[in-house]
$ cat structure.pdb   # PDB, C-alpha atoms, pLDDT in the B column
ATOM      1  CA  MET P   1       0.000   0.000   0.000  1.00 50.00           C
ATOM      2  CA  GLU P   2       1.240   3.453  -0.873  1.00 73.00           C
ATOM      3  CA  ASP P   3       2.089   5.737   2.043  1.00 94.00           C
ATOM      4  CA  LEU P   4      -0.468   8.425   1.250  1.00 97.00           C
ATOM      5  CA  LYS P   5      -2.138  10.862   3.609  1.00 98.00           C
ATOM      6  CA  LEU P   6      -4.595  13.576   2.637  1.00 98.00           C
ATOM      7  CA  HIS P   7      -5.157  16.671   4.758  1.00 98.00           C
ATOM      8  CA  GLY P   8      -8.327  18.492   3.751  1.00 98.00           C
ATOM      9  CA  PHE P   9     -11.907  19.569   4.408  1.00 96.00           C
ATOM     10  CA  TRP P  10     -14.440  17.074   3.040  1.00 96.00           C
ATOM     11  CA  TYR P  11     -16.668  19.894   1.745  1.00 95.00           C
ATOM     12  CA  SER P  12     -13.917  21.818  -0.039  1.00 95.00           C
ATOM     13  CA  PRO P  13     -14.033  21.708  -3.853  1.00 95.00           C
ATOM     14  CA  PHE P  14     -10.252  21.591  -3.855  1.00 97.00           C
ATOM     15  CA  THR P  15     -10.145  18.566  -1.550  1.00 98.00           C
ATOM     16  CA  MET P  16     -12.843  16.880  -3.658  1.00 98.00           C
ATOM     17  CA  ARG P  17     -10.538  17.069  -6.670  1.00 98.00           C
ATOM     18  CA  VAL P  18      -7.866  15.048  -4.884  1.00 98.00           C
ATOM     19  CA  VAL P  19     -10.310  12.543  -3.386  1.00 98.00           C
ATOM     20  CA  TRP P  20     -11.872  11.842  -6.792  1.00 98.00           C
ATOM     21  CA  THR P  21      -8.437  11.434  -8.363  1.00 98.00           C
ATOM     22  CA  LEU P  22      -7.272   8.992  -5.687  1.00 98.00           C
ATOM     23  CA  LYS P  23     -10.489   7.000  -6.048  1.00 98.00           C
ATOM     24  CA  LEU P  24     -10.307   6.953  -9.854  1.00 97.00           C
ATOM     25  CA  LYS P  25      -6.786   5.594  -9.540  1.00 97.00           C
ATOM     26  CA  GLY P  26      -7.860   2.979  -7.005  1.00 96.00           C
ATOM     27  CA  LEU P  27      -5.382   4.218  -4.402  1.00 97.00           C
ATOM     28  CA  SER P  28      -5.709   3.731  -0.657  1.00 96.00           C
ATOM     29  CA  TYR P  29      -4.893   6.663   1.603  1.00 97.00           C
ATOM     30  CA  GLU P  30      -5.332   7.949   5.129  1.00 97.00           C
ATOM     31  CA  ASN P  31      -7.808  10.797   5.304  1.00 97.00           C
ATOM     32  CA  ILE P  32      -7.004  13.497   7.851  1.00 97.00           C
ATOM     33  CA  GLU P  33      -9.989  15.801   8.255  1.00 97.00           C
ATOM     34  CA  GLU P  34      -8.853  19.308   9.106  1.00 97.00           C
ATOM     35  CA  ASP P  35     -10.792  21.941  11.059  1.00 94.00           C
ATOM     36  CA  ARG P  36     -11.239  24.983   8.835  1.00 90.00           C
ATOM     37  CA  PHE P  37     -10.999  27.303  11.829  1.00 90.00           C
ATOM     38  CA  ASN P  38      -8.297  25.450  13.746  1.00 94.00           C
ATOM     39  CA  LYS P  39      -5.826  23.880  11.353  1.00 96.00           C
ATOM     40  CA  SER P  40      -3.470  21.225  12.656  1.00 97.00           C
ATOM     41  CA  PRO P  41       0.234  21.929  13.308  1.00 97.00           C
ATOM     42  CA  GLN P  42       1.032  19.216  10.761  1.00 97.00           C
ATOM     43  CA  LEU P  43      -0.873  21.038   8.016  1.00 97.00           C
ATOM     44  CA  LEU P  44       0.838  24.349   8.809  1.00 97.00           C
ATOM     45  CA  GLU P  45       4.186  22.560   8.731  1.00 97.00           C
ATOM     46  CA  TYR P  46       3.436  20.867   5.426  1.00 98.00           C
ATOM     47  CA  ASN P  47       2.122  24.031   3.761  1.00 97.00           C
ATOM     48  CA  PRO P  48       3.892  26.970   5.453  1.00 96.00           C
ATOM     49  CA  VAL P  49       3.438  29.260   2.447  1.00 97.00           C
ATOM     50  CA  HIS P  50      -0.350  29.286   1.966  1.00 96.00           C
ATOM     51  CA  LYS P  51      -1.403  27.329   5.074  1.00 96.00           C
ATOM     52  CA  LYS P  52      -4.259  25.812   3.066  1.00 96.00           C
ATOM     53  CA  THR P  53      -5.724  22.446   2.224  1.00 97.00           C
ATOM     54  CA  PRO P  54      -5.521  20.110   0.490  1.00 98.00           C
ATOM     55  CA  VAL P  55      -2.097  18.702   1.147  1.00 98.00           C
ATOM     56  CA  LEU P  56      -1.153  15.218  -0.022  1.00 98.00           C
ATOM     57  CA  VAL P  57       1.680  13.615   1.931  1.00 98.00           C
ATOM     58  CA  HIS P  58       3.429  10.857  -0.001  1.00 97.00           C
ATOM     59  CA  GLY P  59       6.150   8.973   1.826  1.00 95.00           C
ATOM     60  CA  GLY P  60       6.444  11.843   4.286  1.00 95.00           C
ATOM     61  CA  LYS P  61       6.803  14.460   1.547  1.00 97.00           C
ATOM     62  CA  PRO P  62       4.023  17.084   1.138  1.00 98.00           C
ATOM     63  CA  ILE P  63       2.525  18.208  -2.183  1.00 98.00           C
ATOM     64  CA  CYS P  64       0.319  21.313  -2.126  1.00 98.00           C
ATOM     65  CA  GLU P  65      -2.296  22.932  -4.412  1.00 97.00           C
ATOM     66  CA  SER P  66      -5.142  20.748  -5.655  1.00 97.00           C
ATOM     67  CA  MET P  67      -4.431  20.589  -9.379  1.00 97.00           C
ATOM     68  CA  ILE P  68      -0.705  20.139  -8.813  1.00 97.00           C
ATOM     69  CA  ILE P  69      -1.595  17.199  -6.567  1.00 98.00           C
ATOM     70  CA  VAL P  70      -3.949  15.785  -9.228  1.00 98.00           C
ATOM     71  CA  GLN P  71      -1.220  15.978 -11.885  1.00 97.00           C
ATOM     72  CA  TYR P  72       1.342  14.487  -9.481  1.00 98.00           C
ATOM     73  CA  ILE P  73      -0.912  11.485  -8.838  1.00 98.00           C
ATOM     74  CA  ASP P  74      -1.653  11.081 -12.539  1.00 97.00           C
ATOM     75  CA  GLU P  75       2.030  11.075 -13.463  1.00 96.00           C
ATOM     76  CA  LEU P  76       2.977   8.598 -10.755  1.00 96.00           C
ATOM     77  CA  TRP P  77       0.101   6.141 -11.189  1.00 96.00           C
ATOM     78  CA  PRO P  78      -0.679   5.670 -14.899  1.00 93.00           C
ATOM     79  CA  GLN P  79      -3.897   3.623 -14.519  1.00 94.00           C
ATOM     80  CA  ASN P  80      -7.014   5.492 -15.659  1.00 95.00           C
ATOM     81  CA  PRO P  81      -5.035   8.437 -17.076  1.00 96.00           C
ATOM     82  CA  LEU P  82      -6.549  11.873 -16.538  1.00 97.00           C
ATOM     83  CA  VAL P  83      -4.303  13.895 -18.827  1.00 96.00           C
ATOM     84  CA  PRO P  84      -4.529  13.251 -22.601  1.00 93.00           C
ATOM     85  CA  HIS P  85      -1.565  11.530 -24.247  1.00 93.00           C
ATOM     86  CA  ASP P  86      -1.634  13.728 -27.362  1.00 94.00           C
ATOM     87  CA  SER P  87       0.378  16.941 -26.859  1.00 96.00           C
ATOM     88  CA  TYR P  88      -2.264  19.219 -28.389  1.00 96.00           C
ATOM     89  CA  ASP P  89      -5.112  17.626 -26.421  1.00 93.00           C
ATOM     90  CA  ARG P  90      -3.003  17.862 -23.288  1.00 95.00           C
ATOM     91  CA  ALA P  91      -2.442  21.580 -23.875  1.00 96.00           C
ATOM     92  CA  GLN P  92      -6.172  22.104 -24.424  1.00 95.00           C
ATOM     93  CA  ALA P  93      -7.002  20.274 -21.206  1.00 95.00           C
ATOM     94  CA  ARG P  94      -4.564  22.438 -19.260  1.00 96.00           C
ATOM     95  CA  PHE P  95      -6.110  25.546 -20.805  1.00 96.00           C
ATOM     96  CA  TRP P  96      -9.573  24.597 -19.513  1.00 96.00           C
ATOM     97  CA  VAL P  97      -8.199  23.640 -16.115  1.00 96.00           C
ATOM     98  CA  ALA P  98      -6.699  27.132 -15.906  1.00 96.00           C
ATOM     99  CA  TYR P  99      -9.982  28.634 -17.095  1.00 96.00           C
ATOM    100  CA  SER P 100     -11.878  26.850 -14.329  1.00 95.00           C
ATOM    101  CA  GLU P 101     -10.177  29.101 -11.784  1.00 93.00           C
ATOM    102  CA  GLN P 102     -12.132  32.036 -13.233  1.00 92.00           C
ATOM    103  CA  MET P 103     -15.244  30.561 -11.627  1.00 91.00           C
ATOM    104  CA  VAL P 104     -13.801  30.870  -8.123  1.00 91.00           C
ATOM    105  CA  PRO P 105     -14.881  34.508  -7.459  1.00 90.00           C
ATOM    106  CA  ALA P 106     -18.520  33.702  -8.273  1.00 89.00           C
ATOM    107  CA  LEU P 107     -18.762  31.208  -5.390  1.00 89.00           C
ATOM    108  CA  PRO P 108     -18.157  33.546  -2.405  1.00 89.00           C
ATOM    109  CA  ALA P 109     -20.035  36.316  -4.221  1.00 89.00           C
ATOM    110  CA  LEU P 110     -23.105  34.082  -4.421  1.00 90.00           C
ATOM    111  CA  ILE P 111     -22.771  32.717  -0.898  1.00 88.00           C
ATOM    112  CA  GLN P 112     -22.301  36.134   0.701  1.00 86.00           C
ATOM    113  CA  SER P 113     -24.912  38.000  -1.367  1.00 88.00           C
ATOM    114  CA  THR P 114     -27.553  39.592   0.836  1.00 85.00           C
ATOM    115  CA  SER P 115     -29.622  41.654  -1.584  1.00 89.00           C
ATOM    116  CA  ALA P 116     -31.479  40.657  -4.744  1.00 89.00           C
ATOM    117  CA  GLU P 117     -29.147  42.941  -6.708  1.00 92.00           C
ATOM    118  CA  GLU P 118     -26.010  41.302  -5.336  1.00 92.00           C
ATOM    119  CA  LYS P 119     -27.424  37.859  -5.987  1.00 91.00           C
ATOM    120  CA  GLU P 120     -28.380  38.734  -9.575  1.00 93.00           C
ATOM    121  CA  LYS P 121     -24.941  40.195 -10.269  1.00 92.00           C
ATOM    122  CA  ALA P 122     -23.215  37.069  -8.930  1.00 92.00           C
ATOM    123  CA  VAL P 123     -25.484  34.766 -10.951  1.00 94.00           C
ATOM    124  CA  GLN P 124     -24.799  36.734 -14.126  1.00 94.00           C
ATOM    125  CA  LYS P 125     -21.063  36.400 -13.538  1.00 93.00           C
ATOM    126  CA  ALA P 126     -21.409  32.642 -13.116  1.00 95.00           C
ATOM    127  CA  TRP P 127     -23.483  32.496 -16.291  1.00 96.00           C
ATOM    128  CA  GLU P 128     -20.727  34.234 -18.243  1.00 96.00           C
ATOM    129  CA  ASN P 129     -18.390  31.385 -17.335  1.00 95.00           C
ATOM    130  CA  PHE P 130     -21.065  28.777 -18.036  1.00 97.00           C
ATOM    131  CA  LYS P 131     -21.663  30.177 -21.523  1.00 96.00           C
ATOM    132  CA  VAL P 132     -17.968  29.919 -22.380  1.00 96.00           C
ATOM    133  CA  LEU P 133     -17.951  26.252 -21.354  1.00 95.00           C
ATOM    134  CA  GLU P 134     -21.229  25.559 -23.155  1.00 95.00           C
ATOM    135  CA  ASP P 135     -20.138  27.224 -26.411  1.00 94.00           C
ATOM    136  CA  HIS P 136     -16.453  26.380 -26.589  1.00 93.00           C
ATOM    137  CA  CYS P 137     -15.799  23.286 -24.503  1.00 90.00           C
ATOM    138  CA  LEU P 138     -18.893  21.133 -24.947  1.00 90.00           C
ATOM    139  CA  ALA P 139     -20.099  22.222 -28.382  1.00 82.00           C
ATOM    140  CA  ASP P 140     -19.360  18.781 -29.830  1.00 83.00           C
ATOM    141  CA  LYS P 141     -21.723  17.239 -27.224  1.00 82.00           C
ATOM    142  CA  ARG P 142     -19.143  15.018 -25.566  1.00 86.00           C
ATOM    143  CA  LYS P 143     -20.224  12.981 -22.542  1.00 93.00           C
ATOM    144  CA  PHE P 144     -17.355  14.389 -20.499  1.00 95.00           C
ATOM    145  CA  PHE P 145     -14.825  17.126 -21.124  1.00 93.00           C
ATOM    146  CA  GLY P 146     -12.413  14.255 -21.741  1.00 86.00           C
ATOM    147  CA  GLY P 147     -14.710  12.575 -24.278  1.00 90.00           C
ATOM    148  CA  ASP P 148     -16.006   9.178 -23.168  1.00 92.00           C
ATOM    149  CA  LYS P 149     -13.920   9.138 -19.995  1.00 94.00           C
ATOM    150  CA  ILE P 150     -13.467  11.549 -17.114  1.00 97.00           C
ATOM    151  CA  ASN P 151     -10.288  13.572 -17.361  1.00 96.00           C
ATOM    152  CA  ILE P 152      -8.536  16.364 -15.498  1.00 97.00           C
ATOM    153  CA  VAL P 153     -10.934  19.045 -16.804  1.00 97.00           C
ATOM    154  CA  ASP P 154     -13.959  17.205 -15.418  1.00 97.00           C
ATOM    155  CA  ILE P 155     -12.213  16.955 -12.054  1.00 98.00           C
ATOM    156  CA  ALA P 156     -11.359  20.666 -11.985  1.00 97.00           C
ATOM    157  CA  ILE P 157     -14.737  22.001 -13.097  1.00 97.00           C
ATOM    158  CA  GLY P 158     -16.902  19.342 -11.449  1.00 97.00           C
ATOM    159  CA  SER P 159     -15.661  20.316  -8.006  1.00 96.00           C
ATOM    160  CA  PHE P 160     -17.028  23.841  -8.435  1.00 96.00           C
ATOM    161  CA  PHE P 161     -20.374  22.636  -9.741  1.00 96.00           C
ATOM    162  CA  VAL P 162     -20.946  20.720  -6.512  1.00 95.00           C
ATOM    163  CA  PHE P 163     -20.903  24.126  -4.861  1.00 92.00           C
ATOM    164  CA  PHE P 164     -23.069  25.830  -7.467  1.00 94.00           C
ATOM    165  CA  VAL P 165     -25.901  23.322  -7.019  1.00 93.00           C
ATOM    166  CA  THR P 166     -25.621  23.597  -3.230  1.00 93.00           C
ATOM    167  CA  ILE P 167     -25.810  27.392  -3.466  1.00 93.00           C
ATOM    168  CA  GLU P 168     -29.062  26.947  -5.396  1.00 93.00           C
ATOM    169  CA  ASP P 169     -30.571  25.496  -2.217  1.00 92.00           C
ATOM    170  CA  LEU P 170     -28.808  27.958   0.081  1.00 91.00           C
ATOM    171  CA  LYS P 171     -29.928  31.067  -1.793  1.00 90.00           C
ATOM    172  CA  GLN P 172     -33.106  29.785  -3.415  1.00 91.00           C
ATOM    173  CA  VAL P 173     -31.869  30.670  -6.883  1.00 92.00           C
ATOM    174  CA  LYS P 174     -31.458  28.579 -10.034  1.00 93.00           C
ATOM    175  CA  ILE P 175     -27.918  28.746 -11.409  1.00 96.00           C
ATOM    176  CA  LEU P 176     -27.399  25.663 -13.561  1.00 96.00           C
ATOM    177  CA  VAL P 177     -30.461  26.264 -15.755  1.00 96.00           C
ATOM    178  CA  ALA P 178     -31.061  23.286 -18.065  1.00 96.00           C
ATOM    179  CA  GLU P 179     -32.872  25.353 -20.705  1.00 97.00           C
ATOM    180  CA  LYS P 180     -30.103  27.920 -20.778  1.00 97.00           C
ATOM    181  CA  PHE P 181     -27.154  25.517 -20.613  1.00 96.00           C
ATOM    182  CA  PRO P 182     -28.391  22.118 -21.877  1.00 96.00           C
ATOM    183  CA  LEU P 183     -24.943  20.699 -22.659  1.00 96.00           C
ATOM    184  CA  LEU P 184     -23.464  21.785 -19.348  1.00 96.00           C
ATOM    185  CA  HIS P 185     -26.473  20.460 -17.454  1.00 96.00           C
ATOM    186  CA  LEU P 186     -26.176  17.088 -19.232  1.00 96.00           C
ATOM    187  CA  TRP P 187     -22.426  16.982 -18.623  1.00 97.00           C
ATOM    188  CA  PHE P 188     -22.855  17.541 -14.875  1.00 97.00           C
ATOM    189  CA  ASP P 189     -25.518  14.860 -14.758  1.00 97.00           C
ATOM    190  CA  ASN P 190     -23.138  12.436 -16.502  1.00 97.00           C
ATOM    191  CA  PHE P 191     -20.272  13.425 -14.233  1.00 97.00           C
ATOM    192  CA  LYS P 192     -22.013  13.133 -10.867  1.00 97.00           C
ATOM    193  CA  ASN P 193     -23.517   9.773 -11.872  1.00 97.00           C
ATOM    194  CA  ALA P 194     -20.257   8.204 -13.039  1.00 97.00           C
ATOM    195  CA  PRO P 195     -19.763   5.279 -10.585  1.00 97.00           C
ATOM    196  CA  VAL P 196     -16.602   6.437  -8.795  1.00 97.00           C
ATOM    197  CA  ILE P 197     -17.779  10.052  -8.579  1.00 97.00           C
ATOM    198  CA  LYS P 198     -21.245   9.042  -7.386  1.00 97.00           C
ATOM    199  CA  GLU P 199     -19.757   6.870  -4.643  1.00 97.00           C
ATOM    200  CA  ASN P 200     -17.634   9.802  -3.449  1.00 97.00           C
ATOM    201  CA  PHE P 201     -20.038  12.665  -4.073  1.00 96.00           C
ATOM    202  CA  PRO P 202     -20.768  14.805  -0.996  1.00 95.00           C
ATOM    203  CA  ASP P 203     -24.249  14.552   0.476  1.00 94.00           C
ATOM    204  CA  ARG P 204     -26.256  17.584  -0.655  1.00 91.00           C
ATOM    205  CA  GLU P 205     -28.096  18.070   2.643  1.00 94.00           C
ATOM    206  CA  LYS P 206     -24.870  17.777   4.619  1.00 95.00           C
ATOM    207  CA  MET P 207     -23.182  20.249   2.255  1.00 95.00           C
ATOM    208  CA  LEU P 208     -26.053  22.687   2.671  1.00 94.00           C
ATOM    209  CA  ALA P 209     -25.964  22.464   6.471  1.00 95.00           C
ATOM    210  CA  THR P 210     -22.198  22.983   6.510  1.00 94.00           C
ATOM    211  CA  MET P 211     -22.351  26.010   4.209  1.00 91.00           C
ATOM    212  CA  LYS P 212     -25.126  27.542   6.312  1.00 92.00           C
ATOM    213  CA  ALA P 213     -23.026  27.114   9.453  1.00 92.00           C
ATOM    214  CA  ILE P 214     -19.935  28.673   7.822  1.00 87.00           C
ATOM    215  CA  LEU P 215     -21.977  31.593   6.492  1.00 85.00           C
ATOM    216  CA  GLU P 216     -23.594  32.204   9.892  1.00 87.00           C
ATOM    217  CA  ARG P 217     -20.190  32.156  11.558  1.00 84.00           C
ATOM    218  CA  ARG P 218     -18.827  34.694   9.080  1.00 77.00           C
ATOM    219  CA  LEU P 219     -21.830  36.987   9.524  1.00 76.00           C
ATOM    220  CA  ALA P 220     -21.519  36.765  13.297  1.00 79.00           C
ATOM    221  CA  SER P 221     -17.850  37.772  13.199  1.00 75.00           C
ATOM    222  CA  SER P 222     -18.310  40.628  10.712  1.00 65.00           C
TER     223      SER P 222
END
$ encode --input "structure.pdb" --output "structure tokens"
Amino acid sequence: MEDLKLHGFWYSPFTMRVVWTLKLKGLSYENIEEDRFNKSPQLLEYNPVHKKTPVLVHGGKPICESMIIVQYIDELWPQNPLVPHDSYDRAQARFWVAYSEQMVPALPALIQSTSAEEKEKAVQKAWENFKVLEDHCLADKRKFFGGDKINIVDIAIGSFFVFFVTIEDLKQVKILVAEKFPLLHLWFDNFKNAPVIKENFPDREKMLATMKAILERRLASS
């Protein structure tokens, strides 16, 4: 068995990326659940620069940043490859992984919105990103971003969509509108129902309760 330990928060989209990758590769690991508000000394030692999760510890050596961890795992364990073999396809996949980071600002903006105007503005920003994916990344109606199999782009973007659908419940707003984004809606349905992802998909009610608690704590401290 590989000496793998994962420090993270189960509800974090960035931790989800690593968990899904480890599961897709069939790797065993020790999960170390961190406290968002009281991080362990080990985590701070392993990631002294950003002091963030996730951190994968392999043979006592830490690797930080979710997508760097995903690529590290993919390079070391070749089964069920997540990065395309073809150089051009690999470059395209990395482009869309980088693009996925543009969706990050929409998440806290939606969660922290208090007025109808703020909520509408945040939704519109998310929709801008959705339209790019719909028009330029899924236009050929592939099952996954990687074609017939999940690849690194699905992992990167899928983690954020877990949050978007939870925010729909939290804020009583529809974000992933099937009529507006049919290809993206179908892709997410395919992704979350893929066997390994489905088995390791966070419970929606538990996610909602956790996000409510975090939001209430932030509001109380502001």
$ resolve_selection --input "structure.pdb" --expression "the PyMOL selection byres ((chain P and resi 197) around 10)" --output "PDB file with C-alpha atoms, in the coordinates of the input"
ATOM      1  CA  MET P  16     -12.843  16.880  -3.658  1.00 98.00           C
ATOM      2  CA  VAL P  19     -10.310  12.543  -3.386  1.00 98.00           C
ATOM      3  CA  TRP P  20     -11.872  11.842  -6.792  1.00 98.00           C
ATOM      4  CA  THR P  21      -8.437  11.434  -8.363  1.00 98.00           C
ATOM      5  CA  LYS P  23     -10.489   7.000  -6.048  1.00 98.00           C
ATOM      6  CA  LEU P  24     -10.307   6.953  -9.854  1.00 97.00           C
ATOM      7  CA  ILE P 150     -13.467  11.549 -17.114  1.00 97.00           C
ATOM      8  CA  ILE P 155     -12.213  16.955 -12.054  1.00 98.00           C
ATOM      9  CA  GLY P 158     -16.902  19.342 -11.449  1.00 97.00           C
ATOM     10  CA  ASN P 190     -23.138  12.436 -16.502  1.00 97.00           C
ATOM     11  CA  PHE P 191     -20.272  13.425 -14.233  1.00 97.00           C
ATOM     12  CA  LYS P 192     -22.013  13.133 -10.867  1.00 97.00           C
ATOM     13  CA  ASN P 193     -23.517   9.773 -11.872  1.00 97.00           C
ATOM     14  CA  ALA P 194     -20.257   8.204 -13.039  1.00 97.00           C
ATOM     15  CA  PRO P 195     -19.763   5.279 -10.585  1.00 97.00           C
ATOM     16  CA  VAL P 196     -16.602   6.437  -8.795  1.00 97.00           C
ATOM     17  CA  LYS P 198     -21.245   9.042  -7.386  1.00 97.00           C
ATOM     18  CA  GLU P 199     -19.757   6.870  -4.643  1.00 97.00           C
ATOM     19  CA  ASN P 200     -17.634   9.802  -3.449  1.00 97.00           C
ATOM     20  CA  PHE P 201     -20.038  12.665  -4.073  1.00 96.00           C
ATOM     21  CA  PRO P 202     -20.768  14.805  -0.996  1.00 95.00           C
TER      22      PRO P 202
END
$ resolve_selection --input "structure.pdb" --expression "the PyMOL selection byres ((chain P and resi 105) around 12)" --output "list in words"
Ser100, Glu101, Gln102, Met103, Val104, Ala106, Leu107, Pro108, Ala109, Leu110, Ile111, Gln112, Lys121, Ala122, Val123, Lys125, Ala126, Asn129, Phe160 and Phe164 of chain P
$ residues_around --input "structure.pdb" --residues "region 53-58 of chain P" --least-positions-apart "4" --cutoff "7 Å" --atoms "all atoms listed in the file" --output "PyMOL selection string"
chain P and resi 3-8+14-15+62-66+69
$ closest_residue --input "structure.pdb" --among "P:Lys141, P:Asn151, P:Thr114, P:Thr210" --to "Lys171 (chain P)" --atoms "all atoms listed in the file"
P:Thr114
$ atom_distance --input "structure.pdb" --atom1 "CA of Ser115 (chain P)" --atom2 "CA of Val165 (chain P)"
19.5 Å
$ axis_aligned_box --input "structure.pdb" --around "region 147-163 of chain P" --padding-each-side "6 Å" --output "AutoDock Vina command-line options"
--center_x -14.7 --center_y 16.6 --center_z -14.6 --size_x 24.4 --size_y 27.0 --size_z 31.4
$ atom_distance --input "structure.pdb" --atom1 "CA of Lys51 (chain P)" --atom2 "CA of Lys39 (chain P)"
8.4 Å
$ residues_around --input "structure.pdb" --residues "Gly147 (chain P)" --least-positions-apart "6" --cutoff "12 Å" --atoms "only C-alpha atoms" --output "number ranges by chain"
P: 82-84, 89, 93, 137-141, 153-154, 187, 190-191
$ closest_residue --input "structure.pdb" --among "P:Ile68, P:Leu170, P:Leu133, P:Ile32" --to "Phe188 (chain P)" --atoms "only C-alpha atoms"
P:Leu133
$ residues_around --input "structure.pdb" --residues "Lys206 (chain P)" --least-positions-apart "5" --cutoff "10 Å" --atoms "all atoms listed in the file" --output "JSON, numbers by chain"
{"P": [11, 166, 211, 212]}
$ write_last_selection --input "structure.pdb" --atoms "C-alpha atoms" --output "PDB file, in the frame of the given file"
ATOM      1  CA  TYR P  11     -16.668  19.894   1.745  1.00 95.00           C
ATOM      2  CA  THR P 166     -25.621  23.597  -3.230  1.00 93.00           C
ATOM      3  CA  MET P 211     -22.351  26.010   4.209  1.00 91.00           C
ATOM      4  CA  LYS P 212     -25.126  27.542   6.312  1.00 92.00           C
TER       5      LYS P 212
END
$ atom_distance --input "structure.pdb" --atom1 "CA of Lys143 (chain P)" --atom2 "CA of Phe95 (chain P)"
19.0 Å
$ closest_residue --input "structure.pdb" --among "P:Ala91, P:Leu22, P:Ala156, P:Ala116" --to "Met67 (chain P)" --atoms "only C-alpha atoms"
P:Ala156
$ closest_residue --input "structure.pdb" --among "P:Phe37, P:Phe163, P:Tyr46, P:Phe145" --to "Asp203 (chain P)" --atoms "all atoms listed in the file"
P:Phe163
$ closest_residue --input "structure.pdb" --among "P:Leu219, P:Ile167, P:Val70, P:Val162" --to "Val97 (chain P)" --atoms "only C-alpha atoms"
P:Val70
$ closest_residue --input "structure.pdb" --among "P:Pro48, P:Glu168, P:Glu134, P:Ser113" --to "Met207 (chain P)" --atoms "all atoms listed in the file"
P:Glu168
$ decode --input "structure.pdb" --residues "region 159-206 of chain P" --atoms "C-alpha atoms" --output "PDB file, in the first residue's frame"
ATOM      1  CA  SER P 159     -15.661  20.316  -8.006  1.00  0.00           C
ATOM      2  CA  PHE P 160     -17.028  23.841  -8.435  1.00  0.00           C
ATOM      3  CA  PHE P 161     -20.374  22.636  -9.741  1.00  0.00           C
ATOM      4  CA  VAL P 162     -20.946  20.720  -6.512  1.00  0.00           C
ATOM      5  CA  PHE P 163     -20.903  24.126  -4.861  1.00  0.00           C
ATOM      6  CA  PHE P 164     -23.069  25.830  -7.467  1.00  0.00           C
ATOM      7  CA  VAL P 165     -25.901  23.322  -7.019  1.00  0.00           C
ATOM      8  CA  THR P 166     -25.621  23.597  -3.230  1.00  0.00           C
ATOM      9  CA  ILE P 167     -25.810  27.392  -3.466  1.00  0.00           C
ATOM     10  CA  GLU P 168     -29.062  26.947  -5.396  1.00  0.00           C
ATOM     11  CA  ASP P 169     -30.571  25.496  -2.217  1.00  0.00           C
ATOM     12  CA  LEU P 170     -28.808  27.958   0.081  1.00  0.00           C
ATOM     13  CA  LYS P 171     -29.928  31.067  -1.793  1.00  0.00           C
ATOM     14  CA  GLN P 172     -33.106  29.785  -3.415  1.00  0.00           C
ATOM     15  CA  VAL P 173     -31.869  30.670  -6.883  1.00  0.00           C
ATOM     16  CA  LYS P 174     -31.458  28.579 -10.034  1.00  0.00           C
ATOM     17  CA  ILE P 175     -27.918  28.746 -11.409  1.00  0.00           C
ATOM     18  CA  LEU P 176     -27.399  25.663 -13.561  1.00  0.00           C
ATOM     19  CA  VAL P 177     -30.461  26.264 -15.755  1.00  0.00           C
ATOM     20  CA  ALA P 178     -31.061  23.286 -18.065  1.00  0.00           C
ATOM     21  CA  GLU P 179     -32.872  25.353 -20.705  1.00  0.00           C
ATOM     22  CA  LYS P 180     -30.103  27.920 -20.778  1.00  0.00           C
ATOM     23  CA  PHE P 181     -27.154  25.517 -20.613  1.00  0.00           C
ATOM     24  CA  PRO P 182     -28.391  22.118 -21.877  1.00  0.00           C
ATOM     25  CA  LEU P 183     -24.943  20.699 -22.659  1.00  0.00           C
ATOM     26  CA  LEU P 184     -23.464  21.785 -19.348  1.00  0.00           C
ATOM     27  CA  HIS P 185     -26.473  20.460 -17.454  1.00  0.00           C
ATOM     28  CA  LEU P 186     -26.176  17.088 -19.232  1.00  0.00           C
ATOM     29  CA  TRP P 187     -22.426  16.982 -18.623  1.00  0.00           C
ATOM     30  CA  PHE P 188     -22.855  17.541 -14.875  1.00  0.00           C
ATOM     31  CA  ASP P 189     -25.518  14.860 -14.758  1.00  0.00           C
ATOM     32  CA  ASN P 190     -23.138  12.436 -16.502  1.00  0.00           C
ATOM     33  CA  PHE P 191     -20.272  13.425 -14.233  1.00  0.00           C
ATOM     34  CA  LYS P 192     -22.013  13.133 -10.867  1.00  0.00           C
ATOM     35  CA  ASN P 193     -23.517   9.773 -11.872  1.00  0.00           C
ATOM     36  CA  ALA P 194     -20.257   8.204 -13.039  1.00  0.00           C
ATOM     37  CA  PRO P 195     -19.763   5.279 -10.585  1.00  0.00           C
ATOM     38  CA  VAL P 196     -16.602   6.437  -8.795  1.00  0.00           C
ATOM     39  CA  ILE P 197     -17.779  10.052  -8.579  1.00  0.00           C
ATOM     40  CA  LYS P 198     -21.245   9.042  -7.386  1.00  0.00           C
ATOM     41  CA  GLU P 199     -19.757   6.870  -4.643  1.00  0.00           C
ATOM     42  CA  ASN P 200     -17.634   9.802  -3.449  1.00  0.00           C
ATOM     43  CA  PHE P 201     -20.038  12.665  -4.073  1.00  0.00           C
ATOM     44  CA  PRO P 202     -20.768  14.805  -0.996  1.00  0.00           C
ATOM     45  CA  ASP P 203     -24.249  14.552   0.476  1.00  0.00           C
ATOM     46  CA  ARG P 204     -26.256  17.584  -0.655  1.00  0.00           C
ATOM     47  CA  GLU P 205     -28.096  18.070   2.643  1.00  0.00           C
ATOM     48  CA  LYS P 206     -24.870  17.777   4.619  1.00  0.00           C
TER      49      LYS P 206
END
